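To start, the structure itself, in structure tokens.
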Amino acid sequence: MKKSLILLLILASVAGFIKPAMAADSAFGDAGTGAVPDLDQIQFATNDNATLALVSEVQSAAALDLGIVELNAANYQIIKDEVKLGKKYRDFNNQFVFQIDKDTFASDATLGLKELALGPESVMAAPDGFQFASRIYEFNLTAPADVKFNQPFWFSVKYLDDDYFHKTMYYFDEQNQKWVGLESIISNTVSKVISKTNFTHAKVAILDDLNIMSEGVASWYKYKGCNCAASPDYPKGTKLKVTNTDNGKSIVVKVNDWGPDRSVFPNRVIDLDAVAFKKIAPKSAGLCKVKVELYQPAVALNK
């Protein structure tokens with residue numbers, strides 16, 4: 001009885017956490033270098049045989065330790081021949097979509113999906129300066145022990161408001177009990193953030209960064225040899241104006257990569273391609289102080 005009461009209190013506390021959102025089918029395309037998902041051409045598999053379960057007293061010890069509540073669950077039998085034909089997996093009113101590339105998969109497997117919410121004082125709470133922009137989803141892809149996957153998996157999560165700005169996919173590092181950013185792209189036409197990962201099991205969610213860094217240190221790296229940059233704050237496709245605050249020189253760059261990692265370099269605001277860096281500072285300097293401003297928002301990535 002006491003355990004049931006605790007679960008009811010948890011559900012009540014998270015009832016206002018998620019607001020309803022309309023779902024729209026999206027797509028995944030070529031996952032090769034430089035490619036982005038084609039958001040108009042996917043046909044999703046439906047979850048006709050999935051078992052959906054509301055919160056019950058039967059929850060894993062790990063889930064209770066993390067302070068989370070299991071809202072819904074679904075299980076799929078994945079057939080390799082169906083994957084080769086392009087079958088994709090979506091669930092929870094199309095809030096979560098999972099894709100296995102046909103060249104990745106050489107065996108039948110099972111895919112378990114869960115939709116989660118936070119309980120009071122959960123260790124999975126958003127870090128300071130962030131807020132959740134989606135529910136939390138867990139996927140668990142299980143294959144025979146001798147099967148190895150050749151390519152990352154694509155998945156998407158729908159965000160719950162109309163603003164794509166400053167949203168990034170994260171996974172929860174259970175060992176260190178912290179949220180870690182994943183390379184992401186955004187389709188603002190269907191309100192989804194799309195990521196790829198080598199993990200076969202992870203808890204993921206979209207986090208909204210409330211503290212965008214506008215001034216700091218810029219570094220350079222060799223990548224595409226163009227006026228491009230890596231940013232942890234803005235989605236791919238965004239154009240930014242970067243100004244050297246010491247000499248006033250500026251350059252407009254297009255975000256095409258994720259970084260720098262602020263957990264390692266807390267004062268790094270942006271990483272510029274070497275070509276772009278040389279236009280505002282000597283390459284030999286390595287670093288320079290800059291101001292970063294939005295020049296042009298990212299456009300829909302399926303165009």
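Ordering of the structure tokens sets the chain letters (A, B, ...), residue numbers begin anew at 1 in every chain, and ligands are numbered from 1 in the order given.
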
Exercise. Using DSSP on the backbone coordinates, identify the residues of segment 242-296 of chain A assigned to strand (DSSP E or B); present them as a list in words.
Key: Val242, Thr243, Asn244, Ser250, Ile251, Val252, Val253, Lys254, Val255, Asn256, Asp257, Arg268, Val269, Ile270, Asp271, Leu272, Asp273, Leu287, Cys288, Lys289, Val290, Lys291, Val292, Glu293, Leu294, Tyr295 and Gln296 of chain A

Selected residues written out, C-alpha atoms, as an mmCIF file, in the first residue's frame:
data_model
loop_
_atom_site.group_PDB
_atom_site.id
_atom_site.type_symbol
_atom_site.label_atom_id
_atom_site.label_comp_id
_atom_site.auth_asym_id
_atom_site.auth_seq_id
_atom_site.Cartn_x
_atom_site.Cartn_y
_atom_site.Cartn_z
ATOM 1 C CA VAL A 242 31.792 35.939 -35.190
ATOM 2 C CA THR A 243 33.710 39.087 -34.245
ATOM 3 C CA ASN A 244 37.223 39.262 -32.841
ATOM 4 C CA SER A 250 34.317 39.620 -38.224
ATOM 5 C CA ILE A 251 33.295 36.634 -40.321
ATOM 6 C CA VAL A 252 29.957 34.949 -41.050
ATOM 7 C CA VAL A 253 30.182 31.182 -40.650
ATOM 8 C CA LYS A 254 27.757 28.306 -41.090
ATOM 9 C CA VAL A 255 27.426 25.721 -38.310
ATOM 10 C CA ASN A 256 28.107 22.245 -39.660
ATOM 11 C CA ASP A 257 29.472 20.420 -36.619
ATOM 12 C CA ARG A 268 35.192 28.094 -25.512
ATOM 13 C CA VAL A 269 32.267 29.681 -27.295
ATOM 14 C CA ILE A 270 32.908 28.285 -30.797
ATOM 15 C CA ASP A 271 35.368 26.258 -32.889
ATOM 16 C CA LEU A 272 36.120 27.858 -36.249
ATOM 17 C CA ASP A 273 37.391 26.092 -39.325
ATOM 18 C CA LEU A 287 42.868 31.189 -29.827
ATOM 19 C CA CYS A 288 41.162 34.561 -29.904
ATOM 20 C CA LYS A 289 38.468 36.365 -27.936
ATOM 21 C CA VAL A 290 35.203 36.635 -29.864
ATOM 22 C CA LYS A 291 31.589 37.667 -29.722
ATOM 23 C CA VAL A 292 29.082 35.336 -31.406
ATOM 24 C CA GLU A 293 25.767 36.631 -32.766
ATOM 25 C CA LEU A 294 22.940 34.952 -34.644
ATOM 26 C CA TYR A 295 23.142 36.010 -38.298
ATOM 27 C CA GLN A 296 20.557 33.696 -39.870
#

Quiz item: Among segment 70-291 of chain A, which ones does DSSP place in helix (DSSP H, G or I), written as a count of residues only?
Solution: 12

Quiz item: Do you have the atom CA of Pro152 of chain A-atom CA of Lys196 of chain A distance handy?
Solution: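 Computing the Euclidean distance for atom CA of Pro152 of chain A and atom CA of Lys196 of chain A yields 5.8 Å.
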
Self-check item: Exercise: Gln131 of chain A partners within 9 Å, only C-alpha atoms, chain neighbours under 5 positions left out, as a list of chain:residue names
Solution: A:Ala125, A:Ala126, A:Ile206, A:Leu207, A:Asp208, A:Asp209, A:Leu210

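From atom CA of Ala218 of chain A back to atom CA of Asn247 of chain A, the distance works out to 13.9 Å.
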
Practice problem: Quick one: everything within 10 Å of Asn140 of chain A, counting only C-alpha atoms, minus sequence neighbours fewer than 4 positions away in the same chain. Send it as a ChimeraX atom specification. | Solution: /A:75,110-114,199-203

Practice problem: Write out as a list in words which residues come within 9 Å of Asp233 of chain A when counting only C-alpha atoms, dropping same-chain ones fewer than 5 positions away. | Solution: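 Within the cut-off, the hits are Phe165, His166, Lys167, Thr168, Asp209, Ile212, Met213, Trp258, Gly259, Val269 and Ile270 of chain A.
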